[in-house]
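structure-v2.cif (mmCIF, C-alpha atoms) appears below.
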data_query
#
loop_
_atom_site.label_atom_id
_atom_site.label_comp_id
_atom_site.auth_asym_id
_atom_site.auth_seq_id
_atom_site.Cartn_x
_atom_site.Cartn_y
_atom_site.Cartn_z
CA MET A 1 137.00 351.83 106.73
CA ARG A 2 137.28 352.22 110.45
CA ARG A 3 137.50 349.21 112.71
CA ARG A 4 137.68 349.32 116.47
CA ASP A 5 136.63 346.89 119.13
CA PHE A 6 135.87 347.73 122.73
CA ILE A 7 136.06 345.24 125.59
CA LYS A 8 135.36 344.77 129.25
CA THR A 9 138.20 344.21 131.68
CA VAL A 10 139.84 340.85 131.23
CA ALA A 11 141.32 339.24 134.30
CA GLY A 12 144.95 338.19 134.12
CA SER A 13 147.42 336.61 136.48
CA ALA A 14 150.67 338.11 135.15
CA ALA A 15 152.17 341.07 136.96
CA TRP A 16 152.46 343.93 134.49
CA PRO A 17 154.61 347.04 135.09
CA LEU A 18 152.70 349.89 136.73
CA ALA A 19 153.64 353.47 135.98
CA ALA A 20 152.34 354.64 139.32
CA ARG A 21 154.83 352.45 141.14
CA ALA A 22 157.59 353.56 138.78
CA GLN A 23 156.89 357.22 139.44
CA GLN A 24 156.75 356.70 143.20
CA SER A 25 160.09 354.89 143.20
CA GLY A 26 161.68 357.34 140.78
CA LYS A 27 162.19 354.57 138.24
CA VAL A 28 162.67 355.52 134.60
CA SER A 29 160.58 353.28 132.32
CA LYS A 30 162.45 351.20 129.76
CA VAL A 31 161.01 350.35 126.34
CA GLY A 32 162.72 348.08 123.81
CA TYR A 33 162.00 348.37 120.08
CA LEU A 34 162.96 345.65 117.59
CA TRP A 35 163.03 347.22 114.14
CA HIS A 36 163.54 345.57 110.74
CA ALA A 37 166.21 347.50 108.83
CA GLY A 38 169.88 347.97 109.66
CA SER A 39 169.77 351.46 111.16
CA ALA A 40 167.56 354.32 112.30
CA LYS A 41 168.28 356.05 108.98
CA GLU A 42 166.99 353.07 107.03
CA GLU A 43 163.82 353.06 109.15
CA HIS A 44 163.00 356.65 108.12
CA PRO A 45 160.31 357.96 108.45
CA TYR A 46 158.86 355.36 110.85
CA TYR A 47 161.65 355.75 113.40
CA GLU A 48 161.03 359.49 113.71
CA ALA A 49 157.26 359.00 113.88
CA VAL A 50 157.58 356.64 116.86
CA ILE A 51 159.83 359.11 118.67
CA GLU A 52 157.36 361.89 117.87
CA GLY A 53 154.54 359.84 119.39
CA PHE A 54 156.41 359.50 122.68
CA THR A 55 157.43 363.16 122.69
CA LYS A 56 153.82 364.30 122.30
CA LEU A 57 152.96 362.31 125.41
CA GLY A 58 155.72 364.02 127.41
CA TYR A 59 158.27 361.20 127.28
CA LEU A 60 161.87 362.34 126.82
CA ASN A 61 164.49 359.72 126.15
CA GLY A 62 167.00 359.57 128.99
CA ARG A 63 164.85 361.66 131.33
CA ASN A 64 161.63 359.80 132.10
CA ILE A 65 162.02 356.93 129.62
CA VAL A 66 164.83 354.91 128.09
CA LEU A 67 164.26 353.72 124.51
CA GLU A 68 166.43 350.77 123.52
CA HIS A 69 166.52 350.25 119.74
CA ARG A 70 167.81 347.20 117.87
CA PHE A 71 168.23 346.92 114.09
CA PRO A 72 168.45 343.33 112.74
CA ASP A 73 168.89 344.34 109.07
CA GLU A 74 166.21 341.86 107.93
CA LYS A 75 168.34 338.89 109.00
CA PRO A 76 166.34 336.10 110.76
CA GLU A 77 169.21 335.15 113.08
CA ARG A 78 169.62 338.79 114.15
CA PHE A 79 165.88 339.13 114.77
CA ALA A 80 166.10 336.18 117.17
CA SER A 81 169.29 337.24 118.94
CA MET A 82 168.24 340.88 119.29
CA ALA A 83 164.80 339.90 120.59
CA ALA A 84 166.53 337.80 123.25
CA GLU A 85 168.89 340.69 124.00
CA LEU A 86 166.01 343.11 124.56
CA VAL A 87 164.14 340.62 126.77
CA ALA A 88 167.29 340.14 128.88
CA MET A 89 167.21 343.88 129.66
CA ASN A 90 163.88 343.28 131.42
CA PRO A 91 162.11 346.28 129.82
CA ASP A 92 158.66 347.44 130.89
CA VAL A 93 157.34 347.13 127.31
CA LEU A 94 158.59 345.76 124.00
CA MET A 95 157.62 347.09 120.55
CA GLY A 96 158.02 345.76 117.02
CA GLY A 97 156.72 345.72 113.47
CA SER A 98 154.93 342.86 111.74
CA VAL A 99 157.82 340.39 111.49
CA ALA A 100 159.65 341.55 114.61
CA SER A 101 156.57 340.95 116.78
CA PHE A 102 156.76 337.20 116.21
CA TYR A 103 160.36 337.07 117.38
CA LEU A 104 159.51 339.11 120.46
CA LEU A 105 156.61 336.82 121.35
CA ALA A 106 158.86 333.78 120.89
CA ALA A 107 161.30 335.36 123.35
CA THR A 108 158.83 336.22 126.13
CA LYS A 109 155.29 335.40 127.24
CA THR A 110 155.34 337.85 130.16
CA ILE A 111 156.74 341.21 129.07
CA PRO A 112 154.03 343.31 127.34
CA ILE A 113 154.44 343.64 123.57
CA VAL A 114 152.96 346.36 121.35
CA PHE A 115 152.96 345.53 117.63
CA MET A 116 152.45 347.69 114.55
CA PHE A 117 151.53 346.93 110.91
CA VAL A 118 150.27 343.38 111.50
CA PRO A 119 147.58 342.75 108.84
CA ASP A 120 145.73 339.90 110.55
CA PRO A 121 146.68 339.59 114.25
CA VAL A 122 144.11 336.86 114.89
CA GLY A 123 144.83 334.77 111.79
CA MET A 124 148.53 335.09 112.45
CA LYS A 125 147.96 333.95 116.05
CA LEU A 126 149.41 336.98 117.81
CA VAL A 127 146.15 337.60 119.67
CA THR A 128 143.05 335.57 120.54
CA SER A 129 140.70 338.22 119.15
CA LEU A 130 140.78 341.90 118.23
CA ALA A 131 138.51 342.81 121.14
CA ARG A 132 140.13 340.48 123.67
CA PRO A 133 143.80 340.10 122.74
CA GLY A 134 144.67 337.84 125.67
CA GLY A 135 148.22 337.14 126.79
CA ASN A 136 150.92 339.78 126.70
CA VAL A 137 150.39 341.18 123.18
CA THR A 138 148.28 343.97 121.67
CA GLY A 139 148.82 346.72 119.13
CA LEU A 140 147.79 348.31 115.87
CA SER A 141 146.87 346.51 112.68
CA ASN A 142 146.91 347.90 109.16
CA PHE A 143 144.31 345.34 108.02
CA VAL A 144 146.05 344.69 104.73
CA SER A 145 143.81 341.75 103.77
CA ASP A 146 140.66 343.86 104.14
CA LEU A 147 142.05 346.44 101.73
CA THR A 148 143.33 344.10 99.04
CA GLU A 149 140.24 343.96 96.85
CA ARG A 150 139.69 347.71 97.04
CA ARG A 151 143.33 348.40 96.13
CA LEU A 152 143.25 346.01 93.16
CA GLN A 153 139.98 347.50 91.96
CA LEU A 154 141.49 351.00 92.04
CA PHE A 155 144.53 349.62 90.18
CA THR A 156 142.29 348.47 87.31
CA GLU A 157 140.52 351.84 87.25
CA VAL A 158 143.75 353.84 87.22
CA PHE A 159 145.21 351.51 84.57
CA PRO A 160 142.40 350.77 82.06
CA GLY A 161 143.00 347.46 80.28
CA LEU A 162 144.99 345.92 83.11
CA SER A 163 144.50 342.15 83.14
CA ARG A 164 147.80 340.48 84.14
CA VAL A 165 149.24 341.36 87.56
CA ALA A 166 152.39 340.05 89.22
CA GLN A 167 152.52 339.69 92.99
CA LEU A 168 155.95 340.24 94.52
CA VAL A 169 156.34 338.07 97.62
CA ASN A 170 159.03 337.49 100.22
CA PRO A 171 158.34 333.88 101.32
CA ASN A 172 160.45 334.38 104.46
CA ALA A 173 157.95 336.94 105.81
CA PRO A 174 155.16 335.48 107.99
CA ILE A 175 152.57 337.69 106.29
CA SER A 176 153.31 336.34 102.79
CA ARG A 177 150.82 333.47 102.94
CA LEU A 178 148.04 335.84 103.95
CA ASN A 179 148.96 338.26 101.16
CA VAL A 180 148.99 335.54 98.52
CA GLU A 181 145.60 334.21 99.60
CA SER A 182 143.93 337.61 99.83
CA ILE A 183 145.24 338.86 96.47
CA ARG A 184 144.29 335.66 94.68
CA ALA A 185 140.75 335.88 96.07
CA ALA A 186 140.48 339.55 95.08
CA ALA A 187 141.91 338.90 91.60
CA GLU A 188 139.36 336.16 90.99
CA LYS A 189 136.49 338.54 91.80
CA LEU A 190 137.96 341.19 89.52
CA ARG A 191 138.75 338.67 86.76
CA LEU A 192 142.45 339.43 86.84
CA THR A 193 145.22 336.95 86.09
CA ILE A 194 147.56 336.90 89.08
CA GLN A 195 151.00 335.26 89.21
CA THR A 196 153.36 335.13 92.20
CA PHE A 197 157.07 335.94 91.96
CA GLU A 198 159.38 335.42 94.95
CA ALA A 199 162.31 337.46 96.25
CA ARG A 200 163.86 336.70 99.63
CA THR A 201 166.73 339.16 99.35
CA MET A 202 167.54 342.32 97.41
CA ASP A 203 169.74 340.23 95.07
CA GLU A 204 166.68 338.22 94.05
CA LEU A 205 164.63 341.25 93.02
CA LYS A 206 166.08 341.69 89.53
CA PRO A 207 165.58 338.01 88.56
CA ALA A 208 162.01 338.26 89.83
CA PHE A 209 161.29 341.30 87.66
CA ASP A 210 163.01 339.67 84.68
CA ALA A 211 160.65 336.73 85.12
CA MET A 212 157.66 339.09 85.27
CA LYS A 213 158.66 340.57 81.92
CA VAL A 214 159.04 337.13 80.35
CA ALA A 215 155.58 336.21 81.68
CA SER A 216 154.08 339.32 79.99
CA MET A 217 152.87 340.88 83.21
CA GLN A 218 151.39 344.39 82.90
CA GLY A 219 151.52 345.44 86.54
CA VAL A 220 152.98 344.40 89.87
CA THR A 221 151.79 344.73 93.43
CA SER A 222 153.60 343.98 96.66
CA GLY A 223 150.50 343.57 98.82
CA SER A 224 152.31 344.75 101.94
CA ALA A 225 155.21 346.79 103.22
CA GLU A 226 157.04 343.89 104.86
CA GLY A 227 160.66 344.58 105.75
CA LEU A 228 162.48 343.62 102.55
CA GLN A 229 160.04 345.43 100.28
CA PHE A 230 160.14 348.53 102.47
CA SER A 231 163.94 348.70 102.59
CA SER A 232 164.13 347.93 98.84
CA ARG A 233 161.36 350.33 97.82
CA GLU A 234 163.57 352.49 95.59
CA ALA A 235 165.06 349.48 93.81
CA ILE A 236 161.59 347.98 93.29
CA ALA A 237 160.24 351.22 91.79
CA LYS A 238 163.21 351.44 89.39
CA LEU A 239 162.91 347.79 88.36
CA ALA A 240 159.18 348.16 87.74
CA LEU A 241 159.67 351.25 85.55
CA SER A 242 162.60 349.79 83.59
CA ASN A 243 160.51 346.69 82.84
CA LYS A 244 157.47 348.78 81.84
CA LEU A 245 155.43 347.44 84.75
CA ALA A 246 152.88 349.59 86.56
CA LEU A 247 153.59 349.36 90.29
CA CYS A 248 150.73 349.38 92.80
CA ALA A 249 152.46 350.16 96.09
CA PHE A 250 151.60 349.87 99.78
CA PRO A 251 151.79 352.37 101.54
CA ARG A 252 152.87 356.03 100.82
CA GLU A 253 156.49 355.36 101.76
CA THR A 254 156.76 352.66 99.05
CA PHE A 255 154.76 354.80 96.60
CA GLU A 256 157.00 357.87 96.73
CA PRO A 257 160.05 356.37 94.92
CA GLY A 258 158.00 356.15 91.69
CA ALA A 259 155.05 353.73 91.88
CA LEU A 260 151.99 354.39 89.72
CA MET A 261 149.55 354.34 92.63
CA SER A 262 148.94 353.38 96.23
CA TYR A 263 145.95 352.84 98.45
CA ALA A 264 146.78 352.18 102.08
CA PRO A 265 146.50 353.36 105.68
CA ASP A 266 148.55 356.29 106.93
CA GLN A 267 151.31 354.24 108.56
CA LEU A 268 153.02 357.24 110.15
CA ALA A 269 149.81 357.83 112.12
CA ILE A 270 150.00 354.19 113.27
CA CYS A 271 153.60 354.72 114.43
CA ARG A 272 152.67 357.79 116.47
CA ARG A 273 149.68 356.06 118.02
CA ALA A 274 151.75 353.05 119.10
CA ALA A 275 153.24 355.27 121.81
CA ILE A 276 149.73 355.71 123.26
CA TYR A 277 149.49 351.93 123.67
CA VAL A 278 152.81 351.86 125.49
CA ASP A 279 151.69 354.74 127.69
CA LYS A 280 148.54 352.84 128.70
CA ILE A 281 150.58 349.81 129.68
CA LEU A 282 153.08 351.90 131.64
CA LYS A 283 150.12 353.37 133.54
CA GLY A 284 148.92 349.94 134.58
CA THR A 285 146.59 348.63 131.86
CA ARG A 286 147.19 345.01 130.89
CA PRO A 287 147.76 344.31 127.18
CA SER A 288 144.86 341.85 127.30
CA GLU A 289 142.58 344.78 128.20
CA ILE A 290 143.57 346.96 125.23
CA PRO A 291 141.74 346.11 121.98
CA VAL A 292 143.72 345.81 118.78
CA GLU A 293 143.08 348.96 116.77
CA GLY A 294 142.75 349.36 113.03
CA PRO A 295 143.70 352.38 110.90
CA THR A 296 141.36 355.37 110.68
CA LYS A 297 142.99 357.28 107.81
CA PHE A 298 143.56 355.98 104.28
CA GLU A 299 145.36 357.54 101.32
CA PHE A 300 144.75 357.07 97.58
CA LEU A 301 147.79 358.35 95.68
CA ILE A 302 148.56 358.58 91.94
CA ASN A 303 151.83 359.46 90.19
CA LEU A 304 151.07 361.04 86.79
CA LYS A 305 154.76 361.29 85.92
CA THR A 306 155.06 357.51 86.19
CA ALA A 307 151.82 357.03 84.26
CA LYS A 308 153.17 359.11 81.37
CA ALA A 309 156.45 357.19 81.39
CA LEU A 310 154.47 353.96 81.07
CA GLY A 311 152.09 355.34 78.45
CA ILE A 312 149.07 355.01 80.74
CA ASP A 313 146.22 357.48 80.31
CA VAL A 314 144.75 357.76 83.81
CA PRO A 315 141.01 358.64 83.62
CA SER A 316 140.27 362.14 84.87
CA ILE A 317 137.65 360.82 87.28
CA MET A 318 140.38 358.82 89.09
CA LEU A 319 142.57 361.90 89.37
CA SER A 320 139.67 363.77 90.96
CA ARG A 321 139.17 360.95 93.49
CA ALA A 322 142.82 360.73 94.54
CA ASP A 323 143.94 362.28 97.83
CA GLU A 324 147.14 363.36 96.12
CA VAL A 325 148.39 363.43 92.51
CA ILE A 326 152.11 363.68 91.75
CA GLU A 327 152.79 365.50 88.45
#

Show how you would write the structure in this file as structure tokens.
Amino acid sequence: MRRRDFIKTVAGSAAWPLAARAQQSGKVSKVGYLWHAGSAKEEHPYYEAVIEGFTKLGYLNGRNIVLEHRFPDEKPERFASMAAELVAMNPDVLMGGSVASFYLLAATKTIPIVFMFVPDPVGMKLVTSLARPGGNVTGLSNFVSDLTERRLQLFTEVFPGLSRVAQLVNPNAPISRLNVESIRAAAEKLRLTIQTFEARTMDELKPAFDAMKVASMQGVTSGSAEGLQFSSREAIAKLALSNKLALCAFPRETFEPGALMSYAPDQLAICRRAAIYVDKILKGTRPSEIPVEGPTKFEFLINLKTAKALGIDVPSIMLSRADEVIE
């Protein structure tokens, strides 16, 4: 499940920030991060993991680096205005999650950008290729589309008899189209009936789950941890359970509130590693020279307490294969 691409040096004409110059001049590097939720608390545990990544590399906020954080609270207009605000600060590097990265790129074609959690950076036109990103953008992908079929297959094995699956989608998220296409293709191979239900805001979640119940769905999958579904993870788990729907979550952070299962990359590891990408850029490497990296660690998680509440008898062989079983 490991995917990495290595490249030769790619020539570029833009002048990127060089750490060597910064150190010689006594300059403190500035990094801007555009988050998704409304506060650092709401971004737990990703916020802390990013800080941890910088700390492990010897960066201390306010001493040899300044970290500027902005929290748009999942509002498109705030994403745009805060991206522009960060660019106006003329930082050495910008960082952002899957949705935020698009707003950052729209705001600047010169300041280096490091993204996280983008499932298909090429298909979503953030980079030219994984090996040769080109331009001012590179980062770490969670390759959601590559994992879709495997996750759905595990879902059917954890939940014997599963045949009708709802897909919860936020149509405002750029990754939604990719998720819909990949899950439909996987469901066809696995002979599952898949139906899409939309929710753009937290207020639209309950009507979406009500519609799933009316449609006689047996399970529900989100397909990704885009901003709304991450910030609403506890509400989604409760709605799934109250409607007797088995929830297949992505990743651990959306599994923990009470989903039946999850199979996904370790996204905290991705957060920590993002700091390494920033460090490379601060030391003079162009983003176009740093290959997009995929996840190297994956977790298969099962919640037996949820299974019992739903009346699902999880096969013992699946429990033995899980990385972690919650009882």

* Asked: Hey, what's within 9 Å of A:Leu86 if we count all atoms listed in the file and toss same-chain stuff fewer than 2 positions away? As a list of chain:residue names, please?
  ->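 Listing them by chain and then by number gives A:Val31, A:Gly32, A:Tyr33, A:Leu34, A:Glu68, A:His69, A:Arg70, A:Ser81, A:Met82, A:Ala83, A:Ala84, A:Ala88, A:Met89, A:Asn90, A:Pro91, A:Leu94, A:Leu104.
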
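Of note, atom CA of A:Ile281 and atom CA of A:Asp73 are spaced 28.1 Å apart.
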
* To do: Go ahead and compute the interatomic distance for atom CA of A:Gln153 and atom CA of A:Phe300, in Å to one decimal.
  => 12.1 Å

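Residue nearest A:Gly294, chosen from A:Asp203, A:Glu77, A:Glu43, A:Asp266 and counting only C-alpha atoms: A:Asp266.
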
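Those DNA, RNA and protein residues that approach the point (158.8, 346.2, 116.8) to within 9 Å, considering all atoms listed in the file, are Gly32, Tyr33, Leu34, Trp35, His36, Leu94, Met95, Gly96, Gly97, Ser98, Val99, Ala100, Ser101, Leu104, Ile113, Val114, Phe115 and Met116 of chain A.
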
* **Residues matched by the PyMOL selection byres ((chain A and resi 260) around 8) as a ChimeraX atom specification** => /A:246-249,255,258-259,261-262,302-304,306-307

* Asked: How many Å lie between atom CA of A:Pro291 and atom CA of A:Asp92, rounded to one decimal?
  ->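 Computed distance, atom CA of A:Pro291 to atom CA of A:Asp92, equals 19.2 Å.
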
* Would you kindly translate the PyMOL selection byres ((chain A and resi 158) around 8) into the concrete residues it picks from this file, as a ChimeraX atom specification? => /A:154-157,159-160,261,314-315,318

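With all atoms listed in the file as the atoms that count, the residue of A:Val93, A:Ala80, A:Glu52, A:Lys125 with the shortest distance to A:Ala107 is A:Ala80.
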
Anything within 6 Å of (157.9, 353.6, 82.3): list those residues as a PDB file with C-alpha atoms, in the coordinates of the input, counting all atoms listed in the file and sticking to the file's coordinates.
ATOM      1  CA  LEU A 241     159.670 351.250  85.550  1.00  0.00           C
ATOM      2  CA  LYS A 244     157.470 348.780  81.840  1.00  0.00           C
ATOM      3  CA  ALA A 309     156.450 357.190  81.390  1.00  0.00           C
ATOM      4  CA  LEU A 310     154.470 353.960  81.070  1.00  0.00           C
TER       5      LEU A 310
END

Just need the box for stretch 296-305 of chain A, edges along x, y and z, holding every atom the file lists for it with 3 Å tacked onto each side, so centre and edge lengths in Å to one decimal, as lines of an AutoDock Vina configuration file.
center_x = 148.1
center_y = 358.3
center_z = 98.3
size_x = 19.4
size_y = 11.9
size_z = 30.8

* **Non-local contacts of A:Lys189 (12 Å; all atoms listed in the file; under 3 positions in same chain excluded) as a PyMOL selection string** => chain A and resi 148-150+152-153+182-186+192-194

* Asked: Which of these, A:Pro265, A:Gly311, A:Pro45, A:Gly219, has the shortest distance to A:Pro295 once you count all atoms listed in the file?
  -> A:Pro265

* To do: Tell me, as number ranges by chain, which residues lie within 9 Å of A:Ala208, counting all atoms listed in the file; anything in the same chain fewer than 6 positions away does not count.
  => A: 168, 197-199
